[in-house]
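What follows is query36.cif (mmCIF, C-alpha atoms).
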data_upload
loop_
_atom_site.label_atom_id
_atom_site.label_comp_id
_atom_site.auth_asym_id
_atom_site.auth_seq_id
_atom_site.Cartn_x
_atom_site.Cartn_y
_atom_site.Cartn_z
CA MET A 1 35.96 -9.30 13.40
CA ARG A 2 37.51 -10.85 10.30
CA ILE A 3 34.74 -13.34 9.75
CA TRP A 4 36.12 -14.54 6.41
CA THR A 5 39.31 -16.01 7.90
CA THR A 6 37.95 -19.48 8.62
CA SER A 7 41.05 -21.58 8.01
CA SER A 8 41.90 -21.51 11.73
CA ARG A 9 38.41 -22.50 12.88
CA SER A 10 38.37 -25.77 14.73
CA LEU A 11 36.39 -28.74 13.50
CA GLY A 12 34.50 -28.71 16.78
CA ARG A 13 33.20 -25.20 16.15
CA GLN A 14 32.14 -26.15 12.62
CA LEU A 15 30.15 -29.11 13.92
CA LEU A 16 28.64 -26.95 16.65
CA SER A 17 27.45 -24.41 14.07
CA ARG A 18 25.84 -27.13 12.00
CA ARG A 19 24.20 -28.64 15.07
CA ALA A 20 22.78 -25.26 16.01
CA LEU A 21 21.29 -24.90 12.54
CA ASN A 22 19.67 -28.33 12.82
CA THR A 23 17.72 -27.45 16.00
CA ASP A 24 15.39 -25.04 14.22
CA SER A 25 12.94 -27.54 12.71
CA HIS A 26 10.23 -26.44 15.18
CA ARG A 27 10.20 -22.90 13.83
CA PRO A 28 7.36 -21.80 11.52
CA ASP A 29 7.56 -21.74 7.75
CA PRO A 30 8.59 -18.14 6.93
CA PHE A 31 6.46 -18.07 3.78
CA SER A 32 3.34 -19.21 5.65
CA VAL A 33 3.61 -16.55 8.35
CA VAL A 34 3.01 -13.75 5.84
CA GLY A 35 1.45 -15.89 3.12
CA PRO A 36 -1.58 -13.67 2.38
CA GLN A 37 0.57 -10.54 2.15
CA LEU A 38 3.09 -12.28 -0.12
CA ALA A 39 0.26 -13.39 -2.38
CA HIS A 40 -0.98 -9.81 -2.52
CA VAL A 41 2.51 -8.57 -3.39
CA ARG A 42 2.77 -10.98 -6.31
CA ASP A 43 -0.82 -10.68 -7.54
CA ASN A 44 -0.74 -6.89 -7.68
CA LEU A 45 2.84 -6.41 -8.84
CA VAL A 46 2.13 -6.83 -12.55
CA ARG A 47 -0.67 -4.27 -12.25
CA LEU A 48 1.90 -1.62 -11.28
CA LEU A 49 3.95 -2.37 -14.40
CA GLY A 50 1.25 -1.78 -16.99
CA SER A 51 2.22 0.18 -20.10
CA ALA A 52 0.41 1.36 -23.20
CA HIS A 53 3.22 -0.16 -25.26
CA PRO A 54 2.58 -3.92 -25.60
CA ASN A 55 6.24 -4.94 -25.94
CA LEU A 56 7.27 -2.92 -22.92
CA HIS A 57 4.38 -4.33 -20.91
CA ASP A 58 5.37 -7.90 -21.84
CA ILE A 59 9.03 -7.55 -20.96
CA ALA A 60 8.33 -5.66 -17.73
CA LYS A 61 6.25 -8.54 -16.40
CA TYR A 62 8.39 -11.32 -17.98
CA TYR A 63 10.31 -12.34 -14.85
CA PHE A 64 7.38 -11.69 -12.49
CA LEU A 65 5.25 -14.36 -14.18
CA LYS A 66 7.84 -17.06 -13.48
CA PRO A 67 8.44 -18.84 -10.16
CA SER A 68 10.35 -16.62 -7.75
CA LYS A 69 11.94 -17.12 -4.35
CA GLN A 70 10.37 -13.80 -3.20
CA LEU A 71 13.09 -13.67 -0.54
CA ARG A 72 13.44 -9.88 -0.56
CA PRO A 73 9.74 -9.04 -0.09
CA LEU A 74 9.56 -11.84 2.48
CA ILE A 75 12.22 -10.15 4.63
CA VAL A 76 10.40 -6.80 4.39
CA LEU A 77 7.09 -8.31 5.45
CA LEU A 78 8.51 -10.41 8.29
CA PHE A 79 10.40 -7.48 9.81
CA SER A 80 7.28 -5.33 9.49
CA GLN A 81 5.24 -7.87 11.41
CA ALA A 82 8.03 -8.51 13.93
CA THR A 83 8.32 -4.82 14.93
CA ASN A 84 5.07 -2.99 14.19
CA GLY A 85 3.85 -1.39 17.40
CA LEU A 86 7.29 -1.02 18.98
CA GLY A 87 8.43 2.28 17.46
CA LYS A 88 7.84 5.69 19.01
CA GLU A 89 6.14 6.85 15.80
CA TRP A 90 3.94 3.77 15.34
CA PRO A 91 0.69 5.52 16.41
CA LYS A 92 1.28 8.18 13.74
CA LYS A 93 2.06 5.61 11.04
CA LEU A 94 -1.04 3.63 11.96
CA TRP A 95 -3.17 6.78 11.89
CA GLU A 96 -1.81 7.71 8.45
CA SER A 97 -2.70 4.27 7.08
CA GLU A 98 -6.30 4.62 8.28
CA THR A 99 -6.98 8.28 7.48
CA HIS A 100 -8.25 9.32 4.07
CA GLY A 101 -6.47 12.29 2.53
CA VAL A 102 -3.00 11.62 3.91
CA GLY A 103 -2.02 9.34 1.02
CA ARG A 104 -0.77 6.32 2.97
CA SER A 105 -3.91 4.15 2.93
CA SER A 106 -4.10 1.16 0.61
CA ASP A 107 -6.59 2.86 -1.72
CA GLU A 108 -4.50 6.04 -2.00
CA LEU A 109 -0.99 4.71 -2.65
CA ASP A 110 -1.64 4.51 -6.40
CA LYS A 111 -2.80 8.10 -6.55
CA PRO A 112 0.01 10.23 -8.03
CA LEU A 113 1.49 13.20 -6.24
CA SER A 114 1.28 15.22 -9.47
CA ARG A 115 -1.74 15.61 -11.73
CA PRO A 116 -2.15 12.56 -14.06
CA ASP A 117 -2.37 14.62 -17.25
CA VAL A 118 0.90 16.33 -16.31
CA LEU A 119 2.62 13.01 -15.73
CA ASN A 120 1.27 11.46 -18.99
CA ASP A 121 2.13 8.08 -17.56
CA TRP A 122 -0.60 5.82 -18.93
CA ASN A 123 -1.05 2.54 -17.08
CA PRO A 124 -4.10 0.70 -18.42
CA HIS A 125 -4.33 -1.31 -15.18
CA ILE A 126 -4.62 1.87 -13.09
CA SER A 127 -6.77 3.95 -15.42
CA LYS A 128 -8.32 5.89 -12.54
CA TYR A 129 -5.01 7.57 -11.68
CA THR A 130 -3.21 7.75 -15.05
CA THR A 131 -3.84 9.63 -18.29
CA PRO A 132 -2.82 8.81 -21.89
CA PHE A 133 -1.14 11.38 -24.11
CA ASP A 134 -3.39 13.96 -25.76
CA THR A 135 -2.23 16.11 -28.68
CA VAL A 136 -3.86 19.17 -27.09
CA PHE A 137 -3.16 20.33 -23.58
CA HIS A 138 -5.40 22.95 -22.03
CA LEU A 139 -4.62 25.18 -19.12
CA HIS A 140 -6.50 24.01 -16.06
CA ASN A 141 -7.52 26.13 -13.16
CA PRO A 142 -6.24 24.38 -10.07
CA HIS A 143 -8.68 23.09 -7.52
CA PRO A 144 -8.60 24.89 -4.19
CA TYR A 145 -5.88 23.39 -2.05
CA ILE A 146 -7.21 21.30 0.79
CA PRO A 147 -4.50 20.47 3.32
CA PRO A 148 -4.39 16.84 4.42
CA PRO A 149 -5.55 15.93 7.92
CA GLN A 150 -2.95 16.61 10.57
CA TYR A 151 -1.87 14.12 13.18
CA SER A 152 -2.12 15.19 16.79
CA GLU A 153 0.18 13.77 19.43
CA GLY A 154 -2.82 13.46 21.70
CA MET A 155 -4.17 10.70 19.49
CA SER A 156 -1.46 8.33 20.73
CA SER A 157 -1.76 9.00 24.45
CA GLY A 158 -2.04 5.89 26.56
CA LEU A 159 -0.90 3.51 23.80
CA ASP A 160 1.59 0.89 24.93
CA ARG A 161 4.63 0.20 22.78
CA THR A 162 4.07 -3.49 22.24
CA LEU A 163 3.66 -5.63 19.17
CA THR A 164 0.31 -5.23 17.50
CA SER A 165 -2.22 -7.94 18.28
CA PRO A 166 -3.27 -9.40 15.95
CA PRO A 167 -0.10 -8.88 13.88
CA ARG A 168 -0.42 -6.05 11.38
CA ILE A 169 1.46 -4.91 8.27
CA LEU A 170 0.85 -1.41 6.91
CA PRO A 171 -0.08 -0.71 3.27
CA THR A 172 3.16 1.25 2.83
CA GLN A 173 5.17 -1.77 3.96
CA ILE A 174 3.37 -4.04 1.50
CA ARG A 175 4.09 -1.52 -1.23
CA LEU A 176 7.76 -1.45 -0.13
CA ALA A 177 7.87 -5.24 -0.54
CA GLN A 178 6.69 -4.76 -4.12
CA ILE A 179 9.25 -2.03 -4.76
CA VAL A 180 12.24 -4.13 -3.62
CA GLU A 181 11.07 -6.99 -5.86
CA MET A 182 10.77 -4.55 -8.78
CA ILE A 183 14.31 -3.30 -8.23
CA HIS A 184 15.55 -6.90 -8.04
CA ALA A 185 13.80 -7.79 -11.32
CA ALA A 186 15.25 -4.73 -13.03
CA SER A 187 18.73 -5.76 -11.93
CA LEU A 188 18.15 -9.26 -13.37
CA LEU A 189 17.20 -7.78 -16.73
CA HIS A 190 20.36 -5.69 -16.81
CA ASP A 191 22.60 -8.48 -15.46
CA ASP A 192 21.41 -10.92 -18.10
CA VAL A 193 22.45 -8.45 -20.79
CA ILE A 194 25.87 -7.86 -19.23
CA ASP A 195 26.52 -11.57 -18.58
CA GLU A 196 24.95 -12.69 -21.88
CA SER A 197 22.95 -15.25 -19.89
CA PRO A 198 20.93 -17.61 -22.10
CA LEU A 199 18.74 -18.92 -19.26
CA ARG A 200 16.97 -17.51 -16.22
CA ARG A 201 15.21 -19.97 -13.87
CA GLY A 202 15.37 -22.66 -16.50
CA SER A 203 13.69 -20.56 -19.23
CA PRO A 204 15.12 -18.32 -21.97
CA SER A 205 16.37 -15.07 -20.47
CA ALA A 206 14.75 -11.77 -21.38
CA PRO A 207 17.61 -10.74 -23.72
CA VAL A 208 17.18 -14.03 -25.60
CA SER A 209 13.40 -13.58 -25.83
CA PHE A 210 13.24 -9.83 -26.51
CA GLY A 211 16.76 -8.71 -27.44
CA ASN A 212 19.30 -6.70 -25.48
CA LYS A 213 17.83 -3.30 -26.25
CA LEU A 214 14.35 -4.11 -24.99
CA ALA A 215 15.80 -5.92 -21.96
CA ILE A 216 17.74 -2.79 -20.97
CA LEU A 217 14.77 -0.51 -21.61
CA GLY A 218 12.48 -2.87 -19.73
CA GLY A 219 14.77 -2.73 -16.71
CA ASN A 220 14.82 1.06 -16.87
CA PHE A 221 11.03 1.13 -17.13
CA ILE A 222 10.65 -1.02 -14.01
CA LEU A 223 13.04 1.26 -12.12
CA GLY A 224 10.94 4.23 -13.19
CA ARG A 225 7.76 2.60 -11.92
CA ALA A 226 9.53 1.66 -8.67
CA SER A 227 10.77 5.23 -8.19
CA ALA A 228 7.27 6.66 -8.58
CA ALA A 229 5.88 4.16 -6.09
CA LEU A 230 8.75 4.90 -3.72
CA ALA A 231 8.02 8.64 -3.70
CA ARG A 232 4.52 7.98 -2.39
CA LEU A 233 5.68 6.17 0.75
CA GLY A 234 6.24 9.50 2.45
CA ASP A 235 9.18 8.59 4.68
CA PRO A 236 12.43 10.42 3.84
CA GLU A 237 14.82 7.80 5.24
CA ALA A 238 12.99 4.91 3.58
CA ILE A 239 13.10 6.74 0.26
CA GLU A 240 16.80 7.52 0.63
CA LEU A 241 17.64 3.94 1.59
CA ILE A 242 15.86 2.37 -1.38
CA ALA A 243 17.14 4.96 -3.84
CA SER A 244 20.72 4.26 -2.76
CA ILE A 245 20.27 0.56 -3.56
CA ILE A 246 20.13 1.38 -7.27
CA ALA A 247 23.52 3.08 -7.02
CA ASN A 248 24.88 0.11 -5.05
CA LEU A 249 23.80 -2.32 -7.78
CA VAL A 250 25.67 -0.34 -10.41
CA GLU A 251 28.76 0.05 -8.22
CA GLY A 252 28.73 -3.65 -7.44
CA GLU A 253 28.56 -4.60 -11.10
CA ILE A 254 31.55 -2.38 -11.88
CA LEU A 255 33.44 -3.70 -8.86
CA GLN A 256 32.83 -7.24 -10.11
CA MET A 257 34.80 -6.33 -13.22
CA GLN A 258 37.73 -5.10 -11.14
CA GLU A 259 40.91 -7.16 -11.06
CA VAL A 260 42.41 -8.41 -7.83
CA HIS A 261 44.94 -5.91 -6.52
CA ALA A 262 48.22 -7.74 -6.92
CA GLU A 263 51.12 -7.00 -9.18
CA ASP A 264 52.03 -10.60 -9.74
CA LEU A 265 49.53 -13.28 -8.72
CA HIS A 266 51.82 -16.21 -9.48
CA ILE A 267 53.67 -15.51 -6.22
CA PRO A 268 52.43 -17.40 -3.13
CA PRO A 269 49.30 -15.63 -1.81
CA THR A 270 50.35 -13.55 1.17
CA PRO A 271 47.76 -12.62 3.85
CA GLU A 272 47.71 -9.04 2.51
CA ILE A 273 46.97 -10.10 -1.08
CA VAL A 274 44.32 -12.57 0.04
CA ARG A 275 42.69 -9.93 2.26
CA ASP A 276 42.58 -7.52 -0.67
CA ALA A 277 40.93 -10.12 -2.89
CA TRP A 278 38.37 -11.03 -0.22
CA THR A 279 37.58 -7.37 0.44
CA ILE A 280 36.70 -6.82 -3.21
CA TYR A 281 34.67 -10.03 -3.31
CA LEU A 282 32.65 -9.33 -0.15
CA GLN A 283 32.13 -5.67 -1.00
CA LYS A 284 30.80 -6.70 -4.41
CA THR A 285 28.59 -9.28 -2.70
CA TYR A 286 27.16 -6.66 -0.38
CA MET A 287 26.42 -4.19 -3.16
CA LYS A 288 24.90 -6.65 -5.62
CA THR A 289 22.99 -8.89 -3.20
CA ALA A 290 22.97 -7.89 0.46
CA SER A 291 22.32 -4.16 0.06
CA LEU A 292 18.77 -4.75 -1.20
CA MET A 293 17.97 -7.09 1.69
CA ALA A 294 19.60 -4.92 4.37
CA LYS A 295 18.23 -1.56 3.28
CA GLY A 296 14.83 -3.01 2.41
CA ALA A 297 14.54 -4.42 5.93
CA ARG A 298 15.64 -1.15 7.54
CA ALA A 299 13.23 0.85 5.37
CA ALA A 300 10.38 -1.41 6.53
CA ILE A 301 11.22 -0.54 10.15
CA CYS A 302 11.25 3.16 9.30
CA LEU A 303 7.80 2.89 7.72
CA GLY A 304 6.62 1.21 10.92
CA GLY A 305 7.55 4.24 12.99
CA CYS A 306 10.90 3.28 14.54
CA SER A 307 12.94 6.46 15.00
CA GLU A 308 16.65 7.22 15.21
CA GLY A 309 18.10 5.75 18.37
CA GLU A 310 15.80 2.72 18.46
CA ILE A 311 17.59 -0.61 18.10
CA TYR A 312 15.13 -2.21 15.71
CA ARG A 313 16.38 -0.36 12.64
CA GLU A 314 19.93 -1.52 13.37
CA VAL A 315 18.73 -5.10 13.92
CA ALA A 316 16.94 -5.14 10.56
CA TYR A 317 19.88 -3.75 8.62
CA THR A 318 22.45 -6.04 10.26
CA TYR A 319 20.28 -9.10 9.72
CA GLY A 320 19.74 -8.28 6.05
CA ARG A 321 23.42 -7.58 5.49
CA ASN A 322 24.59 -10.86 7.02
CA LEU A 323 21.82 -12.93 5.46
CA GLY A 324 22.43 -11.39 2.04
CA ILE A 325 26.12 -12.25 2.14
CA ALA A 326 25.31 -15.78 3.33
CA PHE A 327 22.80 -16.13 0.48
CA GLN A 328 25.37 -15.18 -2.15
CA LEU A 329 28.05 -17.41 -0.65
CA VAL A 330 25.65 -20.35 -0.91
CA ASP A 331 24.85 -19.31 -4.46
CA ASP A 332 28.56 -19.41 -5.29
CA VAL A 333 28.82 -22.87 -3.74
CA LEU A 334 25.82 -24.07 -5.76
CA ASP A 335 27.56 -22.99 -8.95
CA TYR A 336 30.32 -25.49 -8.21
CA ASP A 337 27.78 -28.13 -7.13
CA ALA A 338 26.16 -27.71 -10.53
CA MET A 339 29.59 -28.22 -12.07
CA GLU A 340 29.86 -31.56 -10.28
CA ASN A 341 26.36 -33.01 -10.67
CA ASN A 342 24.73 -30.91 -13.42
CA THR A 343 21.34 -31.04 -11.70
CA LEU A 344 20.58 -27.40 -11.00
CA GLY A 345 19.35 -26.34 -14.41
CA LYS A 346 22.29 -24.07 -15.11
CA PRO A 347 25.76 -24.62 -16.54
CA GLY A 348 28.25 -25.66 -13.88
CA GLY A 349 31.13 -23.28 -13.36
CA ALA A 350 29.21 -20.36 -14.86
CA ASP A 351 31.07 -17.93 -12.61
CA LEU A 352 34.43 -19.11 -13.92
CA GLN A 353 33.19 -18.75 -17.48
CA LEU A 354 32.28 -15.14 -16.67
CA GLY A 355 35.80 -14.57 -15.30
CA LEU A 356 34.63 -14.33 -11.68
CA ALA A 357 36.75 -15.54 -8.77
CA THR A 358 34.20 -16.30 -6.06
CA GLY A 359 34.74 -17.78 -2.59
CA PRO A 360 35.65 -21.35 -3.64
CA ALA A 361 38.25 -20.09 -6.13
CA LEU A 362 39.75 -17.64 -3.63
CA TYR A 363 40.07 -20.35 -0.99
CA ALA A 364 41.56 -22.70 -3.61
CA TRP A 365 44.13 -20.00 -4.41
CA GLU A 366 45.32 -20.08 -0.79
CA GLU A 367 45.97 -23.80 -1.11
CA HIS A 368 47.17 -23.84 -4.73
CA PRO A 369 49.20 -20.73 -5.71
CA GLU A 370 48.96 -21.65 -9.39
CA MET A 371 45.36 -20.41 -9.25
CA GLY A 372 46.71 -16.83 -9.00
CA PRO A 373 47.58 -16.25 -12.68
CA LEU A 374 44.22 -17.73 -13.70
CA ILE A 375 42.40 -15.26 -11.47
CA ARG A 376 44.42 -12.36 -12.79
CA ARG A 377 43.57 -13.06 -16.42
CA LYS A 378 39.95 -13.86 -15.44
CA PHE A 379 40.24 -17.44 -16.69
CA GLY A 380 40.45 -16.04 -20.20
CA ASN A 381 42.96 -18.37 -21.84
CA ALA A 382 42.10 -21.68 -23.46
CA GLY A 383 41.87 -24.36 -20.77
CA ASP A 384 41.82 -21.89 -17.85
CA VAL A 385 38.26 -22.67 -16.79
CA GLU A 386 38.82 -26.43 -16.65
CA LEU A 387 42.16 -25.97 -14.86
CA ALA A 388 40.51 -23.72 -12.28
CA ARG A 389 37.71 -26.27 -11.80
CA ASN A 390 40.27 -28.97 -11.09
CA LEU A 391 42.11 -26.78 -8.58
CA VAL A 392 38.85 -26.06 -6.76
CA ARG A 393 38.03 -29.78 -6.74
CA LYS A 394 41.42 -30.58 -5.18
CA SER A 395 41.02 -27.86 -2.54
CA SER A 396 38.68 -27.39 0.40
CA GLY A 397 37.38 -24.18 -1.18
CA VAL A 398 33.76 -25.28 -1.56
CA GLU A 399 33.48 -26.57 2.00
CA ARG A 400 35.20 -23.49 3.45
CA THR A 401 32.87 -21.21 1.53
CA ARG A 402 29.88 -23.18 2.80
CA GLN A 403 31.19 -22.86 6.36
CA LEU A 404 31.66 -19.11 5.88
CA ALA A 405 28.04 -18.86 4.77
CA ILE A 406 26.98 -20.69 7.95
CA GLU A 407 28.92 -18.17 10.03
CA TYR A 408 27.21 -15.24 8.35
CA ALA A 409 23.81 -16.91 8.77
CA ASP A 410 24.58 -17.51 12.46
CA GLN A 411 25.40 -13.82 12.87
CA ALA A 412 22.09 -12.91 11.20
CA LYS A 413 20.23 -15.11 13.65
CA LYS A 414 22.05 -13.72 16.70
CA VAL A 415 21.23 -10.08 15.96
CA LEU A 416 17.50 -10.86 16.26
CA GLN A 417 17.80 -11.21 20.05
CA PRO A 418 16.54 -7.66 20.88
CA LEU A 419 13.23 -8.35 19.12
CA PRO A 420 10.35 -9.56 21.31
CA ASP A 421 9.31 -13.15 20.79
CA SER A 422 6.78 -13.57 18.01
CA GLU A 423 5.93 -15.86 15.13
CA ALA A 424 7.56 -13.41 12.73
CA LYS A 425 10.81 -13.39 14.73
CA ALA A 426 10.84 -17.21 14.77
CA ALA A 427 10.28 -17.14 11.01
CA LEU A 428 13.24 -14.81 10.52
CA GLU A 429 15.37 -17.24 12.52
CA ALA A 430 14.13 -20.15 10.42
CA LEU A 431 14.89 -18.21 7.25
CA THR A 432 18.61 -18.26 8.06
CA ASP A 433 18.44 -22.06 7.91
CA ARG A 434 16.52 -22.00 4.64
CA VAL A 435 19.23 -19.87 3.05
CA ILE A 436 22.00 -22.25 4.13
CA LYS A 437 20.19 -25.44 3.19
CA ARG A 438 18.75 -24.38 -0.15
CA LYS A 439 19.61 -26.42 -3.23
CA SER A 440 18.78 -23.91 -5.97
#
Let me see the structure of the file written as C-alpha cells.
Amino acid sequence: MRIWTTSSRSLGRQLLSRRALNTDSHRPDPFSVVGPQLAHVRDNLVRLLGSAHPNLHDIAKYYFLKPSKQLRPLIVLLFSQATNGLGKEWPKKLWESETHGVGRSSDELDKPLSRPDVLNDWNPHISKYTTPFDTVFHLHNPHPYIPPPQYSEGMSSGLDRTLTSPPRILPTQIRLAQIVEMIHAASLLHDDVIDESPLRRGSPSAPVSFGNKLAILGGNFILGRASAALARLGDPEAIELIASIIANLVEGEILQMQEVHAEDLHIPPTPEIVRDAWTIYLQKTYMKTASLMAKGARAAICLGGCSEGEIYREVAYTYGRNLGIAFQLVDDVLDYDAMENNTLGKPGGADLQLGLATGPALYAWEEHPEMGPLIRRKFGNAGDVELARNLVRKSSGVERTRQLAIEYADQAKKVLQPLPDSEAKAALEALTDRVIKRKS
C-alpha cells in the first residue's frame, strides 16, 4: 500500500481519522503505566556510563541529565508488560530471571562475561564487577568451572499462556530499555557534530560544551557500554536486532546526504521522480528514527519468550516501525511550525538550513515545480532557504505531512489488535495519539 500518496484522500476520510484519534482520551497515561520502571531506567542509566576519566564521564552523562521524552524505553517497557506470559518460552525466561547463576537476574546483569581484570574496564559506579588498570598482570589459575543451572521443560508444565498477573517486566527487558536509550543518546552526540547543532533541548549541545572530538569519543564510549550490556542479555535474536540498529543509524545518516534521483529537477515532478524522492526520505526516516523503536520493541518480545511463528514479535516490530515514521513526520512538521511562530526553542526551518528536503518540502514540490532546483542544490544558494520557506507556506505541504503522520499512527494502532486487552495495550494505543498531538 502506497501510504504516502495522500493527495487523493478525501476530506471525509481525513476528518474521520482525526475523529478516531480524539476518542482515546479515556486511555491511560502511557508514562504512568510503567512509571516505576521508567524511573529505574533513568536513575540507573548514568551508573552504567561511569568512567575513570572525568571528561569522558561528564560527556557520557551530559544528555541523560537533561529532560528526555524517554519514548524509546517507554515502548520497550509497554510491549514487555503487554505480552509477558504469552510466549511459548516465557516460563524459561521467568525461571532465568529468578535463578542465581544463570546471569539474567537483576543482581547479575552487571557481572561481566569475562574476568574484570582481563577487561580492564573500570567503572567507579560498579566497582564490584570492574577493575582498574594495573602495571603488573599476574597469571591466575582459573577457578573450577561450575556450569550454570539448567532449565527443565518439566518446570513449565501446567502453566497457562496468559498475561502475567500482576503485570511483570523482566530485568533483561529493563536493561534493554536502558540500552536503546544509550544508543539514542550516542546518535545525538554524533548527529550534533555532523549537523553543527548549537542547541539540544534548549541548552548548548555537547559539541559546543565539550568540542567535536570529545563529543564523537563520548558517543563511541556510550556505544561500547551499550554493546557490553547487550551481550549479557543472552538472547541471540535480541542481540542481533539491537546491533543492527547501529548500522542503520550510520546508513540513514549517509542516505540523508544523498541527492534526489533526478537528472533535472526543474522539470515538472512526474510520479516516478516524486516516488523516488519519497522512497529516499522514508527509508532515511526508518533508519534514523523508526529502526530503534521497531527493533527495540521486537527485541523486548524476544526477551519475554515469544518464539518464531508467534504473532507478537511481528506486532511489536510493525507498531514501532509505523510509530517511528509518524514521530519523525510530526518532527518535520514542527520544524516548519517553529519557522512560523518561533516558540519551540529551536530555529525555524532548521532542516532547510541543513539542506534537507523533508515531507513538507516534497509535497510543496508537487504543487510548485520551482522547488525542484532548490532541492537539488540542497538550498545552498543565497536566498534558497527563504524561497523554499515561502513555497512551503503557499502549499499544503505541512498539512499533508501532518495527515500522513496520522495515517502512520493509525496503522500503528491497528496492528495492536492481536494483543489481549490490558492496561499496557491501552497505553500503546494512547501513545499513538501522543505522538501526533505533541508540540515539541
Would you write out, as CSV, a table of all residues in region 20-64 of chain A that have an atom no more than 9 Å from an atom of region 417-425 of chain A, listing for each the closest atom pair and the distance in Å to one decimal, considering only C-alpha atoms and ordering rows by chain and rising residue number?
residue,atom,partner,partner_atom,distance
A:Arg27,CA,A:Glu423,CA,8.3
A:Pro28,CA,A:Glu423,CA,7.1
A:Pro30,CA,A:Ala424,CA,7.6
A:Val33,CA,A:Ala424,CA,6.7
A:Val34,CA,A:Ala424,CA,8.3
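Considering the residues A:Ala350, A:Val180, A:Val41, A:Leu170 and counting only C-alpha atoms, Leu292 (chain A) has its shortest atom-to-atom contact with A:Val180.
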Could you list, as a compact mmCIF listing (two decimals) with C-alpha atoms, in the frame of the given file, every residue within 12 Å of Ile75 (chain A), counting only C-alpha atoms and ignoring same-chain residues fewer than 3 positions away?
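Contents of the output file around-v2.txt:
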# COMPACT_ATOMS: atom_id res chain seq x y z
CA PRO A 30 8.59 -18.14 6.93
CA PHE A 31 6.46 -18.07 3.78
CA VAL A 33 3.61 -16.55 8.35
CA VAL A 34 3.01 -13.75 5.84
CA GLN A 37 0.57 -10.54 2.15
CA LEU A 38 3.09 -12.28 -0.12
CA LYS A 69 11.94 -17.12 -4.35
CA GLN A 70 10.37 -13.80 -3.20
CA LEU A 71 13.09 -13.67 -0.54
CA ARG A 72 13.44 -9.88 -0.56
CA LEU A 78 8.51 -10.41 8.29
CA PHE A 79 10.40 -7.48 9.81
CA SER A 80 7.28 -5.33 9.49
CA GLN A 81 5.24 -7.87 11.41
CA ALA A 82 8.03 -8.51 13.93
CA GLN A 173 5.17 -1.77 3.96
CA ILE A 174 3.37 -4.04 1.50
CA LEU A 176 7.76 -1.45 -0.13
CA ALA A 177 7.87 -5.24 -0.54
CA GLN A 178 6.69 -4.76 -4.12
CA VAL A 180 12.24 -4.13 -3.62
CA GLU A 181 11.07 -6.99 -5.86
CA ALA A 290 22.97 -7.89 0.46
CA LEU A 292 18.77 -4.75 -1.20
CA MET A 293 17.97 -7.09 1.69
CA ALA A 294 19.60 -4.92 4.37
CA LYS A 295 18.23 -1.56 3.28
CA GLY A 296 14.83 -3.01 2.41
CA ALA A 297 14.54 -4.42 5.93
CA ARG A 298 15.64 -1.15 7.54
CA ALA A 299 13.23 0.85 5.37
CA ALA A 300 10.38 -1.41 6.53
CA ILE A 301 11.22 -0.54 10.15
CA ALA A 316 16.94 -5.14 10.56
CA TYR A 317 19.88 -3.75 8.62
CA TYR A 319 20.28 -9.10 9.72
CA GLY A 320 19.74 -8.28 6.05
CA ARG A 321 23.42 -7.58 5.49
CA LEU A 323 21.82 -12.93 5.46
CA GLY A 324 22.43 -11.39 2.04
CA ALA A 424 7.56 -13.41 12.73
CA LYS A 425 10.81 -13.39 14.73
CA ALA A 427 10.28 -17.14 11.01
CA LEU A 428 13.24 -14.81 10.52
CA GLU A 429 15.37 -17.24 12.52
CA ALA A 430 14.13 -20.15 10.42
CA LEU A 431 14.89 -18.21 7.25
CA THR A 432 18.61 -18.26 8.06
TODO: Considering only C-alpha atoms, return as a PyMOL selection string whatever protein or nucleic-acid residues lie within 10 Å of region 145-149 of chain A, sequence-local ones (same chain, fewer than 6 positions apart) excluded.
DONE: chain A and resi 96+99-103
Open item on the list: Take the PyMOL selection byres ((chain A and resi 381-394) around 10), run it mentally on this structure, and tell me the resulting residues as a PyMOL selection string.
Closed with: chain A and resi 336+339-340+348-355+357+360-365+367-375+377-380+395-398
Task: Matched chain/residue IDs from the PyMOL selection byres ((chain A and resi 231) around 12), as a PyMOL selection string - done: chain A and resi 103-104+109-114+172+175-176+179+224-230+232-243
Task: Atom pair CA of Phe133 (chain A) / CA of Leu48 (chain A): separation (Å) - done: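 Calculated distance between CA of Phe133 (chain A) and CA of Leu48 (chain A) is 18.5 Å.
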Open item on the list: Could you tell me how far CA of Thr289 (chain A) sits from CA of Gln328 (chain A), in Å to one decimal place?
Closed with: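 Straight-line distance from CA of Gln328 (chain A) to CA of Thr289 (chain A) works out to 6.8 Å.
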Open item on the list: Residue by residue, what does the PyMOL selection byres ((chain A and resi 120) around 6) grab here? Present the result as a list of chain:residue names.
Closed with: A:Asp117, A:Val118, A:Leu119, A:Asp121, A:Trp122, A:Thr131, A:Pro132, A:Phe133
Please produce a file of those selected residues containing C-alpha atoms, as a short mmCIF file (atom, residue, chain, number, x, y, z; two decimals), in the coordinates of the input.
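Printed below is result.cif as written:
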data_model
loop_
_atom_site.label_atom_id
_atom_site.label_comp_id
_atom_site.auth_asym_id
_atom_site.auth_seq_id
_atom_site.Cartn_x
_atom_site.Cartn_y
_atom_site.Cartn_z
CA ASP A 117 -2.37 14.62 -17.25
CA VAL A 118 0.90 16.33 -16.31
CA LEU A 119 2.62 13.01 -15.73
CA ASP A 121 2.13 8.08 -17.56
CA TRP A 122 -0.60 5.82 -18.93
CA THR A 131 -3.84 9.63 -18.29
CA PRO A 132 -2.82 8.81 -21.89
CA PHE A 133 -1.14 11.38 -24.11
#
Sorted per-residue table, region 230-320 of chain A near region 184-201 of chain A, closest atoms and distance, 12 Å, all atoms listed in the file, as a tab-separated table:
residue	atom	partner	partner_atom	distance
A:Ile242	CA	A:His184	CA	11.4
A:Ile245	CA	A:His184	CA	9.9
A:Ile246	CA	A:Ser187	CA	8.6
A:Ala247	CA	A:Ser187	CA	11.2
A:Asn248	CA	A:Ser187	CA	10.9
A:Leu249	CA	A:Ser187	CA	7.4
A:Val250	CA	A:Ser187	CA	8.9
A:Gly252	CA	A:Ser187	CA	11.2
A:Glu253	CA	A:Asp191	CA	8.3
A:Ile254	CA	A:Ile194	CA	10.8
A:Gln256	CA	A:Asp195	CA	11.4
A:Met257	CA	A:Ile194	CA	10.9
A:Met287	CA	A:Ser187	CA	11.8
A:Lys288	CA	A:Ser187	CA	8.9
A:Thr289	CA	A:His184	CA	9.1
A:Ala290	CA	A:His184	CA	11.3
A:Ser291	CA	A:His184	CA	10.9
A:Leu292	CA	A:His184	CA	7.9
A:Met293	CA	A:His184	CA	10.0
A:Gly296	CA	A:His184	CA	11.2
